[in-house]
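Novice: My questions all concern the structure below.
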Amino acid sequence: MTENNLAIANIPIQQWGGLYNQEEALNIGTIFHDLNKPFFAAEAVTGSKNPIAPEAGNQGKSNIQIEREGLMTRITQLGFYLDDLTLYLDTHENDTQGIQLYHEISKEYAELRKQFAQNYYPLSRLCIPYCINDNETAFCWQEGPMPWEGACI
Amino acid sequence: MWVYEKRLQYPVKITKCCPKTAQLIISQYGGPDGELSASMRYLSQRYTMPVKEVGGLLTDIGTEELAHMEIICAMVYQLTKNVTIEQAKEAGFDAYYIDHTTALWPQAASSVPFTSLEFQSKGDAITDLTENLAAEQKARTVYDNLLRMIPDPEIQEPLKFLRAREIVHFQRFGEALEKTKEKLDSRNFYYFNPEFDKQMFQNKL
């Protein structure tokens with residue numbers, strides 16, 4: 001850790017500490033307890049437990065859609081966990097706890113993305129190999145809704 | 001090379017039409033402290049960064065900012081996709097409508113178009129990282145202002161998430177600055193420019 005110096009910005013290096021679980025982290029916007037600094041005007045918004053399929057909004061949905069939303073929720077939560085962990089490791093490249101956690105979550109994340117491609121559609125072109133079947137008549141990359149439409153179907 | 005991921009980093013599901021709110025939020029697309037500006041700032045600065053890990057961090061944060069731009073655009077799109085002419089007139093969305101209909105176009109809330117003049121790529125690692133610390137704070141202030149102005153939970157949730165990211169990025173840029181300082185002489189960080197006076201910088205290693 002560098003000492004404080006005059007005439008330049010000095011920022012303390014973050015130490016590894018308490019972490020939110022995957023569901024909390026996405027709702028809060030960071031995995032780290034130490035970096036959660038809320039704003040008073042937004043405190044009323046507790047963050048719905050599941051922003052992909054909010055509330056008890058499962059009425060009128062098919063089982064397939066409920067399952068798909070469940071899988072997409074997990075992928076979004078794990079994906080964000082890895083996003084935040086990546087930035088931490090960019091500046092803490094020798095942090096063994098961070099590296100170990102990254103490895104664990106990235107394996108699960110890869111497995112869920114594979115499942116999503118096999119059952120529904122590929123989330124990225126890297127997932128296309130999991131979608132290939134002999135009866136394919138349309139290119140699978142165009143399947144699924146555009147993400148800005150707000151639906152997960 | 002980038003790989004597109006067909007999902008938002010944080011989901012957006014807005015059920016109402018509100019062109020007034022869209023006109024405020026669009027500032028974080030094309031405004032002075034918006035996500036487009038943030039992404040282009042970091043992705044421009046990274047090439048000449050003297051510390052490799054800092055170039056890596058700029059790439060990762062610059063990429064995340066592209067995902068944030070997509071979240072903001074999704075919000076503006078969902079708030080305006082079913083707008084009627086009457087609603088557009090009433091909300092003052094009519095001027096935007098004349099030029100862009102309901103398409104997305106990067107501009108500030110004040111309707112000033114997006115411009116690269118809003119960010120810097122100065123070619124001095126200390127200068128650029130200090131700019132980035134300020135940039136994250138400016139973006140946080142805009143999210144604070146939006147959160148005060150917009151009480152609706154389904155709009156506040158993604159804004160709150162994006163605000164939280166600004167604070168995390170600030171911390172990371174601070175750590176990147178410390179990493180850069182470690183490779184310089186702490187008695188005078190300004191004796192030469194590590195990004196340009198490469199010979200002098202390498203002698204320090």
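We name chains A, B, ... following the order of the structure tokens; residues begin at 1 in each chain, and ligands are numbered from 1 as shown.
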Might you pull out every residue within 7 Å of region 23-39 of chain A, with only C-alpha atoms counted and same-chain residues fewer than 5 positions away left off, and present them as a count of residues only?

Specialist: 10

Novice: Just need the residues of chain A within 9 Å of chain B, counting only C-alpha atoms, so spit them out as a PDB file with N, CA and C atoms, in the first residue's frame.

Specialist:
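What ended up in selection15.pdb:
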```
ATOM      1  N   MET A   1       0.848  -1.199   0.000  1.00  0.00           N
ATOM      2  CA  MET A   1       0.000   0.000   0.000  1.00  0.00           C
ATOM      3  C   MET A   1       0.877   1.240   0.000  1.00  0.00           C
ATOM      4  N   THR A   2       0.564   2.164  -0.880  1.00  0.00           N
ATOM      5  CA  THR A   2       1.370   3.369  -0.968  1.00  0.00           C
ATOM      6  C   THR A   2       0.973   4.358   0.125  1.00  0.00           C
ATOM      7  N   GLU A   3       1.934   5.174   0.533  1.00  0.00           N
ATOM      8  CA  GLU A   3       1.621   6.175   1.546  1.00  0.00           C
ATOM      9  C   GLU A   3       0.932   7.363   0.885  1.00  0.00           C
ATOM     10  N   ASN A   5       0.497  11.083  -0.354  1.00  0.00           N
ATOM     11  CA  ASN A   5       1.443  12.069  -0.871  1.00  0.00           C
ATOM     12  C   ASN A   5       0.724  13.372  -1.122  1.00  0.00           C
ATOM     13  N   ILE A   8      -1.399  15.056  -5.120  1.00  0.00           N
ATOM     14  CA  ILE A   8      -1.909  13.989  -5.993  1.00  0.00           C
ATOM     15  C   ILE A   8      -3.032  13.274  -5.227  1.00  0.00           C
ATOM     16  N   ALA A   9      -3.983  12.684  -5.978  1.00  0.00           N
ATOM     17  CA  ALA A   9      -5.067  11.942  -5.320  1.00  0.00           C
ATOM     18  C   ALA A   9      -4.518  10.671  -4.678  1.00  0.00           C
ATOM     19  N   ASN A  10      -4.985  10.381  -3.458  1.00  0.00           N
ATOM     20  CA  ASN A  10      -4.589   9.159  -2.754  1.00  0.00           C
ATOM     21  C   ASN A  10      -5.844   8.373  -2.404  1.00  0.00           C
ATOM     22  N   ILE A  11      -5.961   7.166  -2.928  1.00  0.00           N
ATOM     23  CA  ILE A  11      -7.149   6.343  -2.673  1.00  0.00           C
ATOM     24  C   ILE A  11      -6.688   5.066  -1.987  1.00  0.00           C
ATOM     25  N   PRO A  12      -7.259   4.724  -0.819  1.00  0.00           N
ATOM     26  CA  PRO A  12      -6.857   3.465  -0.170  1.00  0.00           C
ATOM     27  C   PRO A  12      -7.250   2.253  -1.020  1.00  0.00           C
ATOM     28  N   ILE A  13      -6.390   1.221  -0.993  1.00  0.00           N
ATOM     29  CA  ILE A  13      -6.675  -0.012  -1.723  1.00  0.00           C
ATOM     30  C   ILE A  13      -7.708  -0.810  -0.935  1.00  0.00           C
ATOM     31  N   GLN A  14      -8.734  -1.302  -1.616  1.00  0.00           N
ATOM     32  CA  GLN A  14      -9.772  -2.090  -0.939  1.00  0.00           C
ATOM     33  C   GLN A  14      -9.194  -3.411  -0.438  1.00  0.00           C
ATOM     34  N   LEU A  26     -26.921  -8.264  -7.141  1.00  0.00           N
ATOM     35  CA  LEU A  26     -27.513  -7.660  -8.341  1.00  0.00           C
ATOM     36  C   LEU A  26     -28.467  -6.530  -7.943  1.00  0.00           C
ATOM     37  N   ASN A  27     -29.229  -6.733  -6.872  1.00  0.00           N
ATOM     38  CA  ASN A  27     -30.170  -5.696  -6.446  1.00  0.00           C
ATOM     39  C   ASN A  27     -29.448  -4.442  -5.944  1.00  0.00           C
ATOM     40  N   ILE A  28     -28.288  -4.633  -5.323  1.00  0.00           N
ATOM     41  CA  ILE A  28     -27.564  -3.515  -4.717  1.00  0.00           C
ATOM     42  C   ILE A  28     -26.647  -2.833  -5.726  1.00  0.00           C
ATOM     43  N   GLY A  29     -26.033  -3.619  -6.609  1.00  0.00           N
ATOM     44  CA  GLY A  29     -25.123  -3.045  -7.604  1.00  0.00           C
ATOM     45  C   GLY A  29     -23.658  -3.274  -7.291  1.00  0.00           C
ATOM     46  N   THR A  30     -23.367  -4.055  -6.259  1.00  0.00           N
ATOM     47  CA  THR A  30     -21.993  -4.486  -5.993  1.00  0.00           C
ATOM     48  C   THR A  30     -22.035  -5.754  -5.147  1.00  0.00           C
ATOM     49  N   LEU A  35     -18.456  -1.430  -0.385  1.00  0.00           N
ATOM     50  CA  LEU A  35     -18.670  -0.452  -1.460  1.00  0.00           C
ATOM     51  C   LEU A  35     -20.141  -0.093  -1.639  1.00  0.00           C
ATOM     52  N   ASN A  36     -21.006  -0.566  -0.746  1.00  0.00           N
ATOM     53  CA  ASN A  36     -22.430  -0.229  -0.840  1.00  0.00           C
ATOM     54  C   ASN A  36     -22.678   1.102  -0.144  1.00  0.00           C
ATOM     55  N   LYS A  37     -22.892   2.143  -0.948  1.00  0.00           N
ATOM     56  CA  LYS A  37     -23.078   3.504  -0.414  1.00  0.00           C
ATOM     57  C   LYS A  37     -24.381   4.078  -0.980  1.00  0.00           C
ATOM     58  N   PRO A  38     -25.536   3.726  -0.367  1.00  0.00           N
ATOM     59  CA  PRO A  38     -26.822   4.138  -0.951  1.00  0.00           C
ATOM     60  C   PRO A  38     -27.097   5.647  -0.856  1.00  0.00           C
ATOM     61  N   PHE A  39     -28.059   6.095  -1.658  1.00  0.00           N
ATOM     62  CA  PHE A  39     -28.485   7.501  -1.717  1.00  0.00           C
ATOM     63  C   PHE A  39     -29.846   7.596  -1.047  1.00  0.00           C
ATOM     64  N   ALA A  41     -32.501   9.359  -1.374  1.00  0.00           N
ATOM     65  CA  ALA A  41     -33.723   9.504  -2.161  1.00  0.00           C
ATOM     66  C   ALA A  41     -34.148   8.199  -2.842  1.00  0.00           C
ATOM     67  N   ALA A  42     -33.261   7.215  -2.816  1.00  0.00           N
ATOM     68  CA  ALA A  42     -33.604   5.933  -3.450  1.00  0.00           C
ATOM     69  C   ALA A  42     -33.760   4.827  -2.413  1.00  0.00           C
ATOM     70  N   ALA A  44     -36.187   4.137  -0.484  1.00  0.00           N
ATOM     71  CA  ALA A  44     -37.507   3.512  -0.470  1.00  0.00           C
ATOM     72  C   ALA A  44     -37.566   2.315  -1.415  1.00  0.00           C
ATOM     73  N   VAL A  45     -36.757   2.366  -2.471  1.00  0.00           N
ATOM     74  CA  VAL A  45     -36.732   1.245  -3.417  1.00  0.00           C
ATOM     75  C   VAL A  45     -35.829   0.170  -2.839  1.00  0.00           C
ATOM     76  N   THR A  46     -36.436  -0.891  -2.357  1.00  0.00           N
ATOM     77  CA  THR A  46     -35.635  -1.932  -1.733  1.00  0.00           C
ATOM     78  C   THR A  46     -34.987  -2.833  -2.767  1.00  0.00           C
ATOM     79  N   GLY A  47     -35.411  -2.704  -3.996  1.00  0.00           N
ATOM     80  CA  GLY A  47     -34.901  -3.610  -5.019  1.00  0.00           C
ATOM     81  C   GLY A  47     -35.706  -4.880  -4.941  1.00  0.00           C
ATOM     82  N   SER A  48     -36.484  -5.141  -5.970  1.00  0.00           N
ATOM     83  CA  SER A  48     -37.305  -6.348  -5.931  1.00  0.00           C
ATOM     84  C   SER A  48     -36.373  -7.550  -5.858  1.00  0.00           C
ATOM     85  N   PRO A  51     -35.566  -8.906 -10.300  1.00  0.00           N
ATOM     86  CA  PRO A  51     -35.953  -7.904 -11.279  1.00  0.00           C
ATOM     87  C   PRO A  51     -36.327  -8.477 -12.652  1.00  0.00           C
ATOM     88  N   ILE A  52     -36.045  -9.735 -12.900  1.00  0.00           N
ATOM     89  CA  ILE A  52     -36.415 -10.304 -14.201  1.00  0.00           C
ATOM     90  C   ILE A  52     -37.869 -10.754 -14.210  1.00  0.00           C
ATOM     91  N   MET A  72     -32.809 -17.459 -16.586  1.00  0.00           N
ATOM     92  CA  MET A  72     -32.262 -16.154 -16.969  1.00  0.00           C
ATOM     93  C   MET A  72     -31.899 -15.340 -15.728  1.00  0.00           C
ATOM     94  N   THR A  76     -28.210 -13.875 -14.976  1.00  0.00           N
ATOM     95  CA  THR A  76     -27.977 -12.443 -14.761  1.00  0.00           C
ATOM     96  C   THR A  76     -27.263 -12.209 -13.428  1.00  0.00           C
ATOM     97  N   GLN A  77     -27.685 -12.938 -12.401  1.00  0.00           N
ATOM     98  CA  GLN A  77     -27.058 -12.766 -11.080  1.00  0.00           C
ATOM     99  C   GLN A  77     -25.599 -13.215 -11.091  1.00  0.00           C
ATOM    100  N   GLY A  79     -23.684 -13.617 -13.756  1.00  0.00           N
ATOM    101  CA  GLY A  79     -22.936 -12.776 -14.692  1.00  0.00           C
ATOM    102  C   GLY A  79     -22.494 -11.488 -14.027  1.00  0.00           C
ATOM    103  N   PHE A  80     -23.388 -10.880 -13.246  1.00  0.00           N
ATOM    104  CA  PHE A  80     -23.023  -9.649 -12.563  1.00  0.00           C
ATOM    105  C   PHE A  80     -21.973  -9.896 -11.493  1.00  0.00           C
ATOM    106  N   ASP A  83     -18.828  -9.901 -13.218  1.00  0.00           N
ATOM    107  CA  ASP A  83     -18.460  -8.555 -13.688  1.00  0.00           C
ATOM    108  C   ASP A  83     -17.749  -7.780 -12.573  1.00  0.00           C
ATOM    109  N   ASP A  84     -18.369  -7.806 -11.380  1.00  0.00           N
ATOM    110  CA  ASP A  84     -17.816  -7.021 -10.277  1.00  0.00           C
ATOM    111  C   ASP A  84     -16.495  -7.624  -9.791  1.00  0.00           C
ATOM    112  N   THR A  86     -14.397  -9.316 -11.574  1.00  0.00           N
ATOM    113  CA  THR A  86     -13.355  -9.066 -12.585  1.00  0.00           C
ATOM    114  C   THR A  86     -12.656  -7.736 -12.316  1.00  0.00           C
ATOM    115  N   LEU A  87     -13.440  -6.695 -12.044  1.00  0.00           N
ATOM    116  CA  LEU A  87     -12.831  -5.383 -11.802  1.00  0.00           C
ATOM    117  C   LEU A  87     -11.972  -5.412 -10.545  1.00  0.00           C
ATOM    118  N   TYR A  88     -12.449  -6.144  -9.534  1.00  0.00           N
ATOM    119  CA  TYR A  88     -11.652  -6.274  -8.298  1.00  0.00           C
ATOM    120  C   TYR A  88     -10.321  -6.961  -8.615  1.00  0.00           C
ATOM    121  N   ASP A  90      -8.803  -7.110 -11.419  1.00  0.00           N
ATOM    122  CA  ASP A  90      -7.958  -6.274 -12.288  1.00  0.00           C
ATOM    123  C   ASP A  90      -6.954  -5.463 -11.461  1.00  0.00           C
ATOM    124  N   THR A  91      -7.366  -5.075 -10.250  1.00  0.00           N
ATOM    125  CA  THR A  91      -6.460  -4.296  -9.412  1.00  0.00           C
ATOM    126  C   THR A  91      -5.943  -5.099  -8.210  1.00  0.00           C
ATOM    127  N   HIS A  92      -6.375  -6.367  -8.091  1.00  0.00           N
ATOM    128  CA  HIS A  92      -5.902  -7.235  -7.000  1.00  0.00           C
ATOM    129  C   HIS A  92      -5.566  -8.599  -7.614  1.00  0.00           C
ATOM    130  N   GLU A  93      -4.636  -8.613  -8.550  1.00  0.00           N
ATOM    131  CA  GLU A  93      -4.442  -9.823  -9.364  1.00  0.00           C
ATOM    132  C   GLU A  93      -3.881 -11.011  -8.581  1.00  0.00           C
ATOM    133  N   PRO A 122     -29.287 -19.209 -27.948  1.00  0.00           N
ATOM    134  CA  PRO A 122     -27.934 -18.845 -27.504  1.00  0.00           C
ATOM    135  C   PRO A 122     -27.881 -17.385 -27.055  1.00  0.00           C
ATOM    136  N   LEU A 123     -27.251 -17.133 -25.898  1.00  0.00           N
ATOM    137  CA  LEU A 123     -27.122 -15.756 -25.411  1.00  0.00           C
ATOM    138  C   LEU A 123     -25.967 -15.031 -26.080  1.00  0.00           C
ATOM    139  N   SER A 124     -24.999 -15.772 -26.600  1.00  0.00           N
ATOM    140  CA  SER A 124     -23.941 -15.125 -27.368  1.00  0.00           C
ATOM    141  C   SER A 124     -23.550 -16.091 -28.484  1.00  0.00           C
ATOM    142  N   ARG A 125     -22.794 -15.603 -29.454  1.00  0.00           N
ATOM    143  CA  ARG A 125     -22.406 -16.487 -30.561  1.00  0.00           C
ATOM    144  C   ARG A 125     -21.538 -17.635 -30.060  1.00  0.00           C
ATOM    145  N   LEU A 126     -20.871 -17.425 -28.906  1.00  0.00           N
ATOM    146  CA  LEU A 126     -20.048 -18.498 -28.343  1.00  0.00           C
ATOM    147  C   LEU A 126     -20.907 -19.671 -27.865  1.00  0.00           C
ATOM    148  N   GLY A 144     -35.126 -15.817 -29.913  1.00  0.00           N
ATOM    149  CA  GLY A 144     -35.208 -15.108 -28.633  1.00  0.00           C
ATOM    150  C   GLY A 144     -35.492 -13.628 -28.842  1.00  0.00           C
ATOM    151  N   PRO A 145     -36.034 -12.970 -27.798  1.00  0.00           N
ATOM    152  CA  PRO A 145     -36.384 -11.549 -27.910  1.00  0.00           C
ATOM    153  C   PRO A 145     -35.132 -10.666 -27.833  1.00  0.00           C
ATOM    154  N   MET A 146     -35.227  -9.464 -28.356  1.00  0.00           N
ATOM    155  CA  MET A 146     -34.133  -8.523 -28.174  1.00  0.00           C
ATOM    156  C   MET A 146     -34.143  -8.070 -26.716  1.00  0.00           C
ATOM    157  N   PRO A 147     -32.982  -7.884 -26.119  1.00  0.00           N
ATOM    158  CA  PRO A 147     -32.948  -7.636 -24.670  1.00  0.00           C
ATOM    159  C   PRO A 147     -33.636  -6.339 -24.239  1.00  0.00           C
ATOM    160  N   TRP A 148     -33.725  -5.372 -25.127  1.00  0.00           N
ATOM    161  CA  TRP A 148     -34.323  -4.086 -24.726  1.00  0.00           C
ATOM    162  C   TRP A 148     -35.856  -4.143 -24.725  1.00  0.00           C
ATOM    163  N   GLU A 149     -36.439  -5.256 -25.165  1.00  0.00           N
ATOM    164  CA  GLU A 149     -37.900  -5.371 -25.167  1.00  0.00           C
ATOM    165  C   GLU A 149     -38.468  -5.614 -23.775  1.00  0.00           C
ATOM    166  N   GLY A 150     -37.591  -5.954 -22.820  1.00  0.00           N
ATOM    167  CA  GLY A 150     -38.044  -6.053 -21.440  1.00  0.00           C
ATOM    168  C   GLY A 150     -38.674  -7.377 -21.088  1.00  0.00           C
ATOM    169  N   ALA A 151     -38.677  -8.308 -21.995  1.00  0.00           N
ATOM    170  CA  ALA A 151     -39.279  -9.614 -21.708  1.00  0.00           C
ATOM    171  C   ALA A 151     -38.206 -10.673 -21.778  1.00  0.00           C
ATOM    172  N   CYS A 152     -38.461 -11.783 -21.123  1.00  0.00           N
ATOM    173  CA  CYS A 152     -37.532 -12.896 -21.195  1.00  0.00           C
ATOM    174  C   CYS A 152     -38.318 -14.079 -21.724  1.00  0.00           C
TER     175      CYS A 152
END
```

Novice: Env of Leu36 (chain B): 7 Å cut, atoms = only C-alpha atoms, seq-sep filter 3 positions within chain, self excluded. Answer as number ranges by chain.

Specialist: B: 29-30, 39-40, 66, 69

Novice: Within 8 Å of Glu195 (chain B), counting only C-alpha atoms, which residues qualify if same-chain residues fewer than 6 places away don't, as a PyMOL selection string?

Specialist: chain B and resi 48-50+123-125

Novice: Find the residues near region 109-117 of chain A: any atom within 8 Å, counting only C-alpha atoms, skip ones fewer than 2 places away on the same chain, and give them as a PyMOL selection string.

Specialist: chain A and resi 68+71-72+74-75+78-79+105-107+119-123+127-128+130-131

Novice: Could you save the residues just selected, with N, CA and C atoms, as a tab-separated table (two decimals), in the first residue's frame?

Specialist:
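again-v2.tsv, freshly written:
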```
chain	number	residue	atom	x	y	z
A	68	ARG	N	-37.85	-20.58	-17.83
A	68	ARG	CA	-36.89	-19.80	-18.61
A	68	ARG	C	-36.48	-18.53	-17.85
A	71	LEU	N	-34.08	-19.44	-15.06
A	71	LEU	CA	-32.71	-19.67	-15.54
A	71	LEU	C	-32.04	-18.34	-15.92
A	72	MET	N	-32.81	-17.46	-16.59
A	72	MET	CA	-32.26	-16.15	-16.97
A	72	MET	C	-31.90	-15.34	-15.73
A	74	ARG	N	-30.85	-16.51	-12.83
A	74	ARG	CA	-29.59	-17.04	-12.30
A	74	ARG	C	-28.41	-16.57	-13.16
A	75	ILE	N	-28.59	-16.59	-14.46
A	75	ILE	CA	-27.51	-16.19	-15.37
A	75	ILE	C	-27.17	-14.71	-15.15
A	78	LEU	N	-25.34	-14.39	-11.69
A	78	LEU	CA	-23.97	-14.90	-11.72
A	78	LEU	C	-23.10	-14.04	-12.63
A	79	GLY	N	-23.68	-13.62	-13.76
A	79	GLY	CA	-22.94	-12.78	-14.69
A	79	GLY	C	-22.49	-11.49	-14.03
A	105	ILE	N	-17.54	-19.62	-9.54
A	105	ILE	CA	-18.75	-19.05	-10.13
A	105	ILE	C	-18.71	-19.15	-11.65
A	106	SER	N	-17.53	-19.00	-12.23
A	106	SER	CA	-17.48	-19.01	-13.70
A	106	SER	C	-17.81	-20.40	-14.25
A	107	LYS	N	-17.52	-21.44	-13.49
A	107	LYS	CA	-17.88	-22.80	-13.94
A	107	LYS	C	-19.40	-22.97	-13.95
A	119	ASN	N	-31.78	-25.38	-24.21
A	119	ASN	CA	-33.23	-25.40	-24.02
A	119	ASN	C	-33.97	-24.29	-24.77
A	120	TYR	N	-33.31	-23.13	-24.94
A	120	TYR	CA	-34.03	-21.98	-25.49
A	120	TYR	C	-33.31	-21.37	-26.69
A	121	TYR	N	-32.35	-20.50	-26.44
A	121	TYR	CA	-31.62	-19.87	-27.55
A	121	TYR	C	-30.24	-19.45	-27.04
A	122	PRO	N	-29.29	-19.21	-27.95
A	122	PRO	CA	-27.93	-18.84	-27.50
A	122	PRO	C	-27.88	-17.39	-27.06
A	123	LEU	N	-27.25	-17.13	-25.90
A	123	LEU	CA	-27.12	-15.76	-25.41
A	123	LEU	C	-25.97	-15.03	-26.08
A	127	CYS	N	-22.21	-19.42	-27.67
A	127	CYS	CA	-23.12	-20.48	-27.20
A	127	CYS	C	-23.74	-21.26	-28.36
A	128	ILE	N	-23.53	-20.82	-29.58
A	128	ILE	CA	-24.19	-21.46	-30.73
A	128	ILE	C	-23.86	-22.96	-30.83
A	130	TYR	N	-23.86	-25.16	-28.72
A	130	TYR	CA	-24.77	-25.96	-27.89
A	130	TYR	C	-26.17	-26.07	-28.50
A	131	CYS	N	-26.45	-25.28	-29.54
A	131	CYS	CA	-27.80	-25.25	-30.12
A	131	CYS	C	-27.92	-26.11	-31.37
```

Novice: What does the distance from CA of Lys122 (chain B) to CA of Ala108 (chain B) come to in Å, to one decimal?

Specialist: 23.6 Å

Novice: Which residues are near Gln87 (chain B)? Cut-off 10 Å, only C-alpha atoms, ignore same chain within fewer than 5 positions. Put them as an MDAnalysis selection string.

Specialist: chainID B and resid 17:20 80 82 92:94

Novice: What separation in Å, quoted to one decimal, exists between CA of Tyr20 (chain A) and CA of Thr96 (chain A)?

Specialist: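 Pair CA of Tyr20 (chain A) / CA of Thr96 (chain A) returns 18.4 Å.
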
Novice: Can you measure CA of Gln107 (chain B) to CA of Pro32 (chain B) for me? One decimal in Å is fine.

Specialist: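 About the pair CA of Gln107 (chain B) and CA of Pro32 (chain B): they are 8.7 Å apart.
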
Novice: Can you tell me, as a PyMOL selection string, what residues are no more than 12 Å from Asp33 (chain B) when counting only C-alpha atoms, ignoring any on the same chain fewer than 4 positions away?

Specialist: chain B and resi 25-29+37-41+65+69+106-109+114-120+131-132+134-143+166

Novice: Write to file, as a short mmCIF file (atom, residue, chain, number, x, y, z; two decimals), in the first residue's frame, the residues of the selection just made, with N, CA and C atoms.

Specialist:
```cif
data_model
loop_
_atom_site.label_atom_id
_atom_site.label_comp_id
_atom_site.auth_asym_id
_atom_site.auth_seq_id
_atom_site.Cartn_x
_atom_site.Cartn_y
_atom_site.Cartn_z
N ILE B 25 -33.82 10.92 -18.68
CA ILE B 25 -32.90 9.78 -18.62
C ILE B 25 -31.96 9.75 -19.82
N ILE B 26 -32.42 10.28 -20.95
CA ILE B 26 -31.60 10.21 -22.17
C ILE B 26 -30.24 10.90 -21.97
N SER B 27 -30.17 11.77 -20.96
CA SER B 27 -28.89 12.43 -20.67
C SER B 27 -27.80 11.42 -20.33
N GLN B 28 -28.17 10.31 -19.74
CA GLN B 28 -27.16 9.30 -19.42
C GLN B 28 -26.83 8.43 -20.64
N TYR B 29 -27.50 8.66 -21.76
CA TYR B 29 -27.08 8.08 -23.04
C TYR B 29 -26.10 9.05 -23.72
N SER B 37 -20.29 8.55 -23.33
CA SER B 37 -19.11 9.35 -23.07
C SER B 37 -18.12 8.59 -22.19
N ALA B 38 -18.64 7.90 -21.17
CA ALA B 38 -17.79 7.13 -20.26
C ALA B 38 -17.07 6.03 -21.02
N SER B 39 -17.82 5.27 -21.80
CA SER B 39 -17.24 4.15 -22.53
C SER B 39 -16.15 4.63 -23.50
N MET B 40 -16.46 5.66 -24.26
CA MET B 40 -15.49 6.16 -25.25
C MET B 40 -14.25 6.75 -24.57
N ARG B 41 -14.45 7.37 -23.41
CA ARG B 41 -13.33 7.92 -22.65
C ARG B 41 -12.34 6.80 -22.30
N GLU B 65 -19.42 -0.04 -19.43
CA GLU B 65 -20.16 1.19 -19.73
C GLU B 65 -21.02 1.03 -20.99
N MET B 69 -24.91 1.76 -21.26
CA MET B 69 -25.56 2.52 -22.33
C MET B 69 -26.77 1.76 -22.85
N PRO B 106 -28.28 9.93 -29.41
CA PRO B 106 -27.57 10.38 -28.20
C PRO B 106 -27.56 11.90 -28.03
N GLN B 107 -28.26 12.36 -27.01
CA GLN B 107 -28.30 13.79 -26.70
C GLN B 107 -28.43 13.96 -25.18
N ALA B 108 -28.17 15.17 -24.71
CA ALA B 108 -28.34 15.48 -23.29
C ALA B 108 -29.80 15.78 -23.00
N ALA B 109 -30.14 15.84 -21.71
CA ALA B 109 -31.51 16.21 -21.32
C ALA B 109 -31.86 17.59 -21.87
N PHE B 114 -24.71 14.63 -28.47
CA PHE B 114 -23.50 13.99 -27.95
C PHE B 114 -22.27 14.55 -28.65
N THR B 115 -21.22 14.79 -27.89
CA THR B 115 -19.98 15.24 -28.49
C THR B 115 -18.80 14.68 -27.70
N SER B 116 -17.73 14.35 -28.43
CA SER B 116 -16.53 13.84 -27.76
C SER B 116 -15.83 14.93 -26.96
N LEU B 117 -16.27 16.18 -27.11
CA LEU B 117 -15.70 17.27 -26.30
C LEU B 117 -16.01 17.08 -24.81
N GLU B 118 -16.96 16.20 -24.52
CA GLU B 118 -17.34 15.98 -23.12
C GLU B 118 -16.32 15.15 -22.35
N PHE B 119 -15.39 14.48 -23.05
CA PHE B 119 -14.42 13.68 -22.30
C PHE B 119 -13.01 13.95 -22.79
N GLN B 120 -12.04 13.45 -22.04
CA GLN B 120 -10.65 13.68 -22.41
C GLN B 120 -9.86 12.39 -22.51
N GLU B 131 -9.00 12.35 -14.32
CA GLU B 131 -10.23 12.67 -15.08
C GLU B 131 -11.30 11.60 -14.84
N ASN B 132 -10.87 10.34 -14.81
CA ASN B 132 -11.83 9.24 -14.67
C ASN B 132 -12.48 9.22 -13.29
N ALA B 134 -13.08 11.88 -11.53
CA ALA B 134 -14.09 12.95 -11.58
C ALA B 134 -15.29 12.52 -12.43
N ALA B 135 -15.03 11.81 -13.51
CA ALA B 135 -16.11 11.39 -14.41
C ALA B 135 -17.10 10.49 -13.69
N GLU B 136 -16.59 9.57 -12.87
CA GLU B 136 -17.48 8.67 -12.14
C GLU B 136 -18.31 9.46 -11.14
N GLN B 137 -17.70 10.46 -10.51
CA GLN B 137 -18.46 11.30 -9.57
C GLN B 137 -19.54 12.11 -10.29
N LYS B 138 -19.20 12.65 -11.46
CA LYS B 138 -20.19 13.44 -12.21
C LYS B 138 -21.38 12.57 -12.60
N ALA B 139 -21.09 11.36 -13.05
CA ALA B 139 -22.18 10.45 -13.44
C ALA B 139 -23.03 10.09 -12.22
N ARG B 140 -22.36 9.89 -11.06
CA ARG B 140 -23.12 9.60 -9.84
C ARG B 140 -24.07 10.75 -9.51
N THR B 141 -23.58 11.99 -9.63
CA THR B 141 -24.44 13.15 -9.34
C THR B 141 -25.66 13.17 -10.26
N VAL B 142 -25.46 12.85 -11.53
CA VAL B 142 -26.60 12.82 -12.45
C VAL B 142 -27.61 11.75 -12.02
N TYR B 143 -27.11 10.58 -11.62
CA TYR B 143 -28.03 9.54 -11.13
C TYR B 143 -28.74 9.99 -9.86
N GLU B 166 -21.09 3.42 -10.40
CA GLU B 166 -20.19 4.59 -10.48
C GLU B 166 -19.24 4.60 -9.28
#
```

Novice: Out of B:Thr127, B:Thr63, B:Lys183, B:Tyr97, which residue has the shortest atom-to-atom distance to Ser111 (chain B) when counting only C-alpha atoms?

Specialist: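 With only C-alpha atoms as the atom set, the closest residue is B:Tyr97.
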